[in-house]
Amino acid sequence: MLRFIARRLAIALGLLLVLSVLVYWLLTLALDPLDDLRSNPALNRDQLIEVRTAQLNLDAPWYVRYFDWLTSFVRGDLGVAWRSGQQVSNLLGGAIATSIQLVFAATCIALIVGVTIGLISALRQYTTFDYAITFASFVLFALPVFWVAVLLKQFLAIGVNDYLNRPSMNWPAVLGVSVVAGLFWAGAIATELRRQLIVFGIAFAVTLGVLCYALLSGWVLDPQLGVVGVALIGFGAAVAITVIFAGISNRRALYAALATAAAGVASWVGMQWLFLYVPMSELWLLGLMLIAVAVACLIGWLFGGPDRGVSMRGAAIVAVIMSIAVYVDRVLQGWDIYMGASIINRRPIATIGAQTPNLGGDFWISQLDRWTHLLLPTIALVLISFAGYTRYQRGSMLEVMNQDYIRTARAKGLSERVVITRHALRNALLPLASIVPVDFITMIGGAVITETIFNWSGMGRLFITSLTGSEIDPIMAYIMITGALAMIANLVADFVYGLLDPRIRVNA
Amino acid sequence: MSNDDNTREGAQWDGDPKSGFDPEPAIESDPIALLPGDSASTAGAADAVGRGEGVGTAKEVEGLSQGQIVWSRFLRHKGAMFGVAVLALIALLSYTAMGIGPIPGWWKYQSHTATSDIVNGAAPTLSWTGLGDHPFGQDNIGRDNFAMVLSGVQTSLLVMTVLGVMALLLGTLVGSVAGYYRGRSDTFLMRFTDLVITLPVIVLGAVLGKLVNTLPQTLNMTSDQTASLRENMPLLLAVFLGLILWPGLARLVRSEFLTLREREFVDAARVSGASDWRIITKHVLPNAVGVIIVNTTLTMSAAVVLEAALSFLGFGVTDPNVSLGKLISDYQAAFITRPWLFWWPGLFIILIALSVNFIGDGLRDAFDPRTKKIPSQRQMDKAAALLVKEPVK
Amino acid sequence: MSANNPGPKNAKSVSKGLEGAERLSKRIGGKVAMGDTILEVRDLGVRFWVNDDWFTAAQGLTYDLKAGEVLAIVGESGSGKTQSAMSLIGLLPKNGRATGSAKLKGTELIGMNLRQLQQVRGNEISVIFQEPMTALNPVYTVGFQIVETLRTHFLMQPTQARARAIDLMRLVEIPDPEDSFNKFPHQLSGGQRQRIMIAQALACDPGLLIADEPTTALDVTVQGEILKLMRDLRERVTAAIILITHDMGVVADMADRIVVMKDGKVVEHGTSDDIFYRPQHAYTKQLLASVPHLGSATADEDLTKTRLSLVAEGERTGVPMMQSDSSVTPALLMEDVAIEYPKAGRRAAFRAANHINLRVDPGEVIGLVGESGSGKTTIGRAAVALLPVVEGKLTVNGRDITNAKPGELKPFRKEVGIVFQDPGSSLNPRLPVGESIGEPILLHLGLKGAELSKRVENLLESVQLPRAMRNRYPHELSGGQRQRIGIARALALQPKLLIADEPTSALDVSVQARVLKLFQDLQAEYGFACMFISHDLAVVEMLSQRIAVMRHGYLVEVGPTKEIVSDPQHPYTKRLLSAVPVPDPAEQKRRRELRDAILEEQHIVS
């Protein structure tokens, strides 16, 4: 096993080396560090050219320059972005962190939404719902992200910001959204016409009601969850999770999930106190969520029932959802203050950068600020990626549903719900294990356009600015990092897949 | 999925569960169920399979070769026909209006850089009654948007075609050799594709794009040479981009060849004394055509968006040429005051990419006979009603 | 059962294990005793909605089934046998509908709603499917899958269910059940997986078991074991069994009553004796006549005074080379040959055959038999130079082709032909069949155009196909027709040696009979030497003068057909022969007893 990993690493290293040579050579052809000077009308132009040539060693042949770069790189000296004079290592550190932030949320959302819709689409093959989803995926594939981003900036940023200052009721839009929501849920949940109508009716009414309440009561001006909202989310999640994964007849699992939700609501009070007196950080938040999950597992174990595992799993998921709900609630509590800040000036949706400089305020305000900045780029990224996941998962699920063991499961008398969640799902989700790590990690370096448009100082933008400015060192660093990450991602993907698939993990 | 822009390279469709999004297999020969009896007529139900497959298909396909069957299936695919129609219309419009090369078109503003007086507040004059002077409007200095957009369309179509052809030829050639002979060519191909796939497509594309733009300086060209290079920039860019898009297709062709060469008819041909060349060209390649064509169309669709994205960033097509991506980039700030400058180029990119996607999907459905239509619940209910009315036949 | 082999755990005690458990799914009707009628099927029909019309897959099925009885539904593909059984538990594809009536202990099954059906499935009626590898979910342990069935229908604690599952595994003779409980399907052999399927099916003590081609995907010896298991269980469990199969030998072994189906209709039904000894319908008679009956082809021959067959000694040696007339150039001569699959990518080179000593004289037909993994296909491929020989010497028609380069092989290729197993993939789907047939002629004789067409048409005629067929495409032809095309292609250059690699294994019985007859006629007419590779001993017996038996890459016994079939020497050959079921119930009964004795003697724990 170890030898296998070592071999793969060695090959990866070799590939990186070859890659570095090739790219460096291409860059020496592509970059012209003297281009702005050539058209400079200044009198000492030739002198300036000489100086820069010497500074960048442009007279030496490319392989000499490459060798210089390589020796420095290996020693940890990543070079200098000569236009600004900044050390590349400084630039990189911030860039990587920024890119990861950007990409993480988008990948999670795209994954969850895309996989779920893909699965449902497969189960509703050849229905109108399926065709609609497929058509939508096609359109989303064909959308150029830069075009979409500009649209988002206009409608979602400027539009919403304007709206928040002068709210009005837009009946056609609200009705339209409710109808679409109704159609979506009807197509996803039910197959017979009668049930579809019922689901449509309920979904339409609920969506309409929520939207009306939100807009008419002015909730949008100061969105808050409050303990009521958190409780609703918690109990709703408990019921939904139990129905899907354990079956409504599994009382123990239901009680465990509900108890976890109740515990979550109860802890809400304690949390407010904690947030007030203890300065928070991301680490704290992570720790608190882990504690919540542990407590949930305990509750699940205590409620037991014949299948402790099922109860624990359900309770754990509810705990995660509750933690997120409490977090969102606390963050939103700072909304009013945020809106009132002079820099924000009541226009919260941001289009530039990862955070507002010189904002001040405590941890929670900066969290809110982060989220408002993250909103648009995430939407842009999600729109494009989730279509891919939907198509993929649909195909994978269709293939699984045609397998013999699904027929066996049905022949054993298992309910359709169990057949899908227990037998089909595991096999259909398995291929994802090899795709998701690769996708996520390559997106870190690949979100070039989104970063450029929204002005995030991530890896992608670093690459673009350096390429435009003909700075070779940052580009090489970028290439090396991205390349290495991609290869590691592949290794991880193979490893994880091997771990999850018993046919590979356990050999006969 | 790996890039934010949908510049997905062919590499991600190699059917490998690790890195593709369509695990549907491309072609399978259509196994009509076995008949107890030797009449040269239709097949019965596929009993052992028990899924009603194979029932009734034989009737439709009598007397037709595989190619003809695929073609007729393709023609019946609504999405694909929509795609073909839209693409043809767009191509027709842009090439007749703006002309091809030296041949002029019928549109009055043949140049996309010429300015004229601002009419109608620069807003579009397109209406039910006619095209008017500036159907897509004008920009702030009076350039005609219709001319610009349609010229941009020409660039996109050119890039798409050249890229498609390059990927097709190179990909098929290398992929088939690697898949059939294995050995060294295979290792080379795999390592090379690994290399190319490592970096996001847009990164390599940007570098190459910049390279093309810097060529005059690098090669110390004269101003004449530079001018002619600039004119043919889109073509050159397409060629360079083709160099990074072909490995994806090659990988797919390779895996298809790997499967096909294990088939018994290949062994039979070998025993008959066929040479390797004959086996590849007459036996394996015709059976791999489905996968190749489908994925070439997908590559072409990605190419359109890739070129637009690169032009948007400034590393693709630059002045004096025009590209839809460049138009969007130039006019993104004008969105509030002159939105037509922004909508029309985007619309055309979407239409082209969408049409090609639909065509690709139609082709895939045409080549893959496995996707049998299972009727929906409503159809079954209607059919059941029929059953009640007619007793057992 | 002798004292040494105590047999499976008493099934009665196994069903007792369920008595205390609370039922989640209702039981239909009351307690059933042996001999009660539990299934009444009247005019059952199945249709499919295809291309906007109803297609009838089965119609007019009427039968009664009693507890403890085995009903065999026999038919070839397209007869509707599987669909009619699947319709009992509503397992038809979405576009299928069942009509008529099927009453399980008085309760109507056709038209039951899904929830009620789910209580019947697995609980009252269980199914055993054909392909055990794909029928079990690869990501869950086999133990879990059995426990799942139990806990769906009974309110059981996990530990209780586990104990019962292990009992069931012991009942079906899985070795080391506690350990095997945690194994995944891919870790078990084919036979063991099928046993797990049986255990799973019996878990809830069902009244009816539907076995859909349960042994078709298994090797002959494994099939014998599974059939034996099913017979034993049958005696101890009150379940009735519907056995769906196309194999008349299996039917003769197991069935009490038989329903014969053709094209969706029942052509004949009756007791096992009635059908086998007094068939009435023409189709039944034809079907029985088409089934190869082991021992019947050589029944009239006498054993020679001196034994001519050669037997391998010990585990890793092959059969020595036979003595023969050195004046005759053998069509095929393999001297201590070893064959390897070359290294391909990550997979290491794999030695499939060792120490092969084989000789085929001109005009002789030798049958090569063995189970999966025996290496018989490898020998066939090596004989036509599709696989490299790494040791020893391979001579065809006097020409040494052991290490021949591709160029040297050209003249050799004129003299051999090969017919493949799968008619679906042995013809290029893109070419009209005439071109496929004509390819060898084109490549070796350089004939084109009209001359080539004439030759092709002559070949088509010799395999009894219409001349006009040469412009058809493979997908328009049936399996039997495609196989004839394959034969025509193999004979195009009038080879001296023909390798037939399982040519009829993928065909229905009646088609197989016709193709085999064609084969015999062609062999008599053209006089080519032939190596007939098959796993079906009865078929091989019909055609060959000599038989070679292979196991795990070694030849274990070679000799004249009569000797091998009537008086085998090697223990494996004896086992193999005894496991082949014959389509004659009385004879099959005798053979079963013989087989038990043989297994006893060899101390094989099945």
# chains A, B, ... in the order shown; residues from 1 in each chain; ligands from 1
>>> select_by_dssp(residues="stretch 333-385 of chain C", states="strand (DSSP E)", output="list in words")
Leu333, Met334, Glu335, Asp336, Val337, Ala338, Ile339, Glu340, Tyr341, Phe350, Arg351, Ala352, Ala353, Asn354, His355, Ile356, Asn357, Leu358, Arg359, Val360, Val365, Ile366, Gly367, Leu368 and Val369 of chain C
>>> interface_residues(of="chain C", to="chain A", cutoff="7 Å", atoms="only C-alpha atoms", output="JSON, numbers by chain")
{"C": [118, 119, 120, 121, 122, 126, 127, 134, 135, 136, 137, 139, 149, 152, 157, 158, 186, 187]}
>>> write_last_selection(atoms="C-alpha atoms", output="tab-separated table (two decimals), in the first residue's frame")
chain	number	residue	atom	x	y	z
C	118	GLN	CA	-44.89	-5.87	-0.42
C	119	GLN	CA	-46.18	-7.93	2.45
C	120	VAL	CA	-46.47	-10.96	0.22
C	121	ARG	CA	-43.06	-10.61	-1.40
C	122	GLY	CA	-40.33	-12.30	0.54
C	126	SER	CA	-39.85	-15.64	-2.54
C	127	VAL	CA	-37.75	-15.52	-5.64
C	134	THR	CA	-25.59	-9.27	-9.79
C	135	ALA	CA	-28.62	-10.26	-7.76
C	136	LEU	CA	-26.90	-9.47	-4.48
C	137	ASN	CA	-26.05	-5.90	-3.57
C	139	VAL	CA	-21.89	-3.02	-0.98
C	149	THR	CA	-35.45	-9.80	4.72
C	152	THR	CA	-38.78	-6.39	7.12
C	157	GLN	CA	-33.95	-7.69	17.45
C	158	PRO	CA	-30.75	-7.52	15.45
C	186	HIS	CA	-17.65	-10.72	-4.36
C	187	GLN	CA	-15.75	-12.73	-1.78
>>> residues_around(residues="C:Gln483", least_positions_apart="5", cutoff="10 Å", atoms="only C-alpha atoms", output="list of chain:residue names")
C:Val419, C:Phe420, C:Gln421, C:Asp422, C:Pro423, C:Gly424, C:Ser426, C:Leu427, C:Val463, C:Leu477, C:Ser478, C:Ala488, C:Arg489, C:Pro503, C:Thr504, C:Ala506, C:Leu507, C:Val511, C:Gln512, C:Val515
>>> select_by_dssp(residues="stretch 209-359 of chain B", states="alpha helix (DSSP H)", output="PyMOL selection string")
chain B and resi 209-218+223-231+233-260+264-271+276-278+285-313+324-331+340-359
>>> closest_residue(among="A:Ser311, A:Ser137, A:Asn250, A:Gln367", to="chain B", atoms="only C-alpha atoms")
A:Ser137
>>> closest_atom_pairs(of="chain C", to="chain B", cutoff="7 Å", atoms="only C-alpha atoms", output="JSON lines")
{"residue": "C:Phe48", "atom": "CA", "partner": "B:Gly52", "partner_atom": "CA", "distance": 6.7}
{"residue": "C:Val50", "atom": "CA", "partner": "B:Gly56", "partner_atom": "CA", "distance": 6.9}
{"residue": "C:Ala57", "atom": "CA", "partner": "B:Ala45", "partner_atom": "CA", "distance": 6.9}
{"residue": "C:Glu76", "atom": "CA", "partner": "B:Pro36", "partner_atom": "CA", "distance": 6.8}
{"residue": "C:Ser77", "atom": "CA", "partner": "B:Asp47", "partner_atom": "CA", "distance": 5.4}
{"residue": "C:Gly78", "atom": "CA", "partner": "B:Asp47", "partner_atom": "CA", "distance": 4.9}
{"residue": "C:Ser79", "atom": "CA", "partner": "B:Asp47", "partner_atom": "CA", "distance": 7.0}
{"residue": "C:Gly80", "atom": "CA", "partner": "B:Asp47", "partner_atom": "CA", "distance": 6.0}
{"residue": "C:Thr82", "atom": "CA", "partner": "B:Asp47", "partner_atom": "CA", "distance": 6.5}
{"residue": "C:Gln83", "atom": "CA", "partner": "B:Gly50", "partner_atom": "CA", "distance": 6.4}
{"residue": "C:Pro93", "atom": "CA", "partner": "B:Arg51", "partner_atom": "CA", "distance": 5.6}
{"residue": "C:Asn95", "atom": "CA", "partner": "B:Pro375", "partner_atom": "CA", "distance": 6.5}
{"residue": "C:Val384", "atom": "CA", "partner": "B:Val271", "partner_atom": "CA", "distance": 6.6}
{"residue": "C:Lys410", "atom": "CA", "partner": "B:Gly273", "partner_atom": "CA", "distance": 6.3}
{"residue": "C:Arg413", "atom": "CA", "partner": "B:Gly273", "partner_atom": "CA", "distance": 6.2}
{"residue": "C:Gly424", "atom": "CA", "partner": "B:Pro31", "partner_atom": "CA", "distance": 6.2}
{"residue": "C:Ser425", "atom": "CA", "partner": "B:Glu264", "partner_atom": "CA", "distance": 5.7}
{"residue": "C:Ser426", "atom": "CA", "partner": "B:Phe265", "partner_atom": "CA", "distance": 4.2}
{"residue": "C:Leu427", "atom": "CA", "partner": "B:Phe265", "partner_atom": "CA", "distance": 5.0}
{"residue": "C:Asn428", "atom": "CA", "partner": "B:Phe265", "partner_atom": "CA", "distance": 5.6}
{"residue": "C:Pro429", "atom": "CA", "partner": "B:Ser29", "partner_atom": "CA", "distance": 6.5}
{"residue": "C:Arg430", "atom": "CA", "partner": "B:Gln66", "partner_atom": "CA", "distance": 6.2}
{"residue": "C:Glu439", "atom": "CA", "partner": "B:Ser272", "partner_atom": "CA", "distance": 6.9}
{"residue": "C:Pro440", "atom": "CA", "partner": "B:Ser272", "partner_atom": "CA", "distance": 4.7}
{"residue": "C:Leu443", "atom": "CA", "partner": "B:Gly273", "partner_atom": "CA", "distance": 6.6}
{"residue": "C:Arg472", "atom": "CA", "partner": "B:Gly63", "partner_atom": "CA", "distance": 6.6}
{"residue": "C:Tyr473", "atom": "CA", "partner": "B:Ser65", "partner_atom": "CA", "distance": 6.4}
{"residue": "C:His475", "atom": "CA", "partner": "B:Asp30", "partner_atom": "CA", "distance": 6.3}
{"residue": "C:Glu476", "atom": "CA", "partner": "B:Glu62", "partner_atom": "CA", "distance": 6.3}
{"residue": "C:Leu477", "atom": "CA", "partner": "B:Ala40", "partner_atom": "CA", "distance": 6.3}
{"residue": "C:Ser478", "atom": "CA", "partner": "B:Leu34", "partner_atom": "CA", "distance": 5.5}
{"residue": "C:Gly479", "atom": "CA", "partner": "B:Leu34", "partner_atom": "CA", "distance": 5.2}
{"residue": "C:Gly480", "atom": "CA", "partner": "B:Asp38", "partner_atom": "CA", "distance": 6.7}
{"residue": "C:Gln481", "atom": "CA", "partner": "B:Asp38", "partner_atom": "CA", "distance": 6.7}
{"residue": "C:Asp508", "atom": "CA", "partner": "B:Pro36", "partner_atom": "CA", "distance": 6.2}
{"residue": "C:Ser510", "atom": "CA", "partner": "B:Pro36", "partner_atom": "CA", "distance": 6.5}
{"residue": "C:Val511", "atom": "CA", "partner": "B:Pro36", "partner_atom": "CA", "distance": 6.0}
>>> write_last_selection(atoms="C-alpha atoms", output="mmCIF file, in the first residue's frame")
data_model
loop_
_atom_site.group_PDB
_atom_site.id
_atom_site.type_symbol
_atom_site.label_atom_id
_atom_site.label_comp_id
_atom_site.auth_asym_id
_atom_site.auth_seq_id
_atom_site.Cartn_x
_atom_site.Cartn_y
_atom_site.Cartn_z
ATOM 1 C CA PHE C 48 -46.593 -5.234 -22.563
ATOM 2 C CA VAL C 50 -44.840 -1.256 -26.587
ATOM 3 C CA ALA C 57 -46.033 -12.147 -23.714
ATOM 4 C CA GLU C 76 -37.255 -21.363 -24.773
ATOM 5 C CA SER C 77 -36.642 -17.640 -24.972
ATOM 6 C CA GLY C 78 -39.728 -15.698 -25.890
ATOM 7 C CA SER C 79 -42.024 -18.295 -24.370
ATOM 8 C CA GLY C 80 -43.165 -15.985 -21.592
ATOM 9 C CA THR C 82 -40.398 -15.762 -16.638
ATOM 10 C CA GLN C 83 -42.947 -13.035 -17.076
ATOM 11 C CA PRO C 93 -41.609 -3.791 -15.721
ATOM 12 C CA ASN C 95 -45.145 -1.214 -19.127
ATOM 13 C CA VAL C 384 -5.576 -20.130 -34.297
ATOM 14 C CA LYS C 410 -0.455 -15.567 -43.394
ATOM 15 C CA ARG C 413 -4.423 -18.656 -41.653
ATOM 16 C CA GLY C 424 -24.157 -11.106 -30.922
ATOM 17 C CA SER C 425 -20.581 -9.985 -30.937
ATOM 18 C CA SER C 426 -18.827 -12.248 -33.402
ATOM 19 C CA LEU C 427 -20.090 -10.326 -36.412
ATOM 20 C CA ASN C 428 -19.191 -6.719 -37.094
ATOM 21 C CA PRO C 429 -22.472 -4.853 -36.676
ATOM 22 C CA ARG C 430 -21.459 -2.351 -39.312
ATOM 23 C CA GLU C 439 -13.474 -11.170 -45.795
ATOM 24 C CA PRO C 440 -11.192 -14.208 -45.624
ATOM 25 C CA LEU C 443 -7.790 -11.232 -48.060
ATOM 26 C CA ARG C 472 -28.608 -8.172 -44.362
ATOM 27 C CA TYR C 473 -27.074 -6.781 -41.234
ATOM 28 C CA HIS C 475 -28.989 -7.037 -36.036
ATOM 29 C CA GLU C 476 -31.714 -8.176 -38.390
ATOM 30 C CA LEU C 477 -30.968 -11.854 -37.874
ATOM 31 C CA SER C 478 -31.751 -14.261 -35.101
ATOM 32 C CA GLY C 479 -29.098 -15.940 -32.979
ATOM 33 C CA GLY C 480 -29.271 -19.180 -34.893
ATOM 34 C CA GLN C 481 -28.926 -17.413 -38.196
ATOM 35 C CA ASP C 508 -31.996 -22.120 -27.563
ATOM 36 C CA SER C 510 -34.191 -26.371 -30.717
ATOM 37 C CA VAL C 511 -31.950 -23.946 -32.545
#
>>> closest_residue(among="B:Ile359, B:Ala366, B:Ile202, B:Met221", to="chain A", atoms="only C-alpha atoms")
B:Ile202
>>> interface_residues(of="chain A", to="chain B", cutoff="6 Å", atoms="only C-alpha atoms", output="list in words")
Ala30, Ala142, Leu143, Val145, Leu381, Ser385, Tyr392, Pro431, Ser434, Ile435, Asp439, Thr442, Met443, Gly446, Ala447, Gly483 and Ala486 of chain A
>>> residues_around(residues="C:Met34", least_positions_apart="2", cutoff="7 Å", atoms="only C-alpha atoms", output="PyMOL selection string")
chain C and resi 32+36+67-68+238
>>> residues_around(residues="C:Leu333", least_positions_apart="3", cutoff="6 Å", atoms="only C-alpha atoms", output="PyMOL selection string")
chain C and resi 358-359+394-395
>>> residues_around(residues="B:Thr96", least_positions_apart="6", cutoff="9 Å", atoms="only C-alpha atoms", output="ChimeraX atom specification")
/B:104-107
>>> write_last_selection(atoms="C-alpha atoms", output="compact mmCIF listing (two decimals), in the first residue's frame")
# COMPACT_ATOMS: atom_id res chain seq x y z
CA PRO B 104 -19.58 41.14 -49.14
CA GLY B 105 -22.87 40.49 -47.43
CA TRP B 106 -26.16 42.24 -47.69
CA TRP B 107 -25.98 44.27 -44.53
>>> atom_distance(atom1="atom CA of B:Ala288", atom2="atom CA of B:Leu252")
9.8 Å
>>> residues_around(residues="B:Gly179", least_positions_apart="6", cutoff="6 Å", atoms="only C-alpha atoms", output="list of chain:residue names")
B:Arg254, B:Phe257, B:Leu258
>>> closest_residue(among="A:Ala256, A:Val278, A:Met487, A:Leu29", to="A:Gly309", atoms="only C-alpha atoms")
A:Ala256
>>> closest_residue(among="C:Glu593, C:Leu332, C:Arg347, C:Leu308", to="C:Ile401", atoms="only C-alpha atoms")
C:Leu332
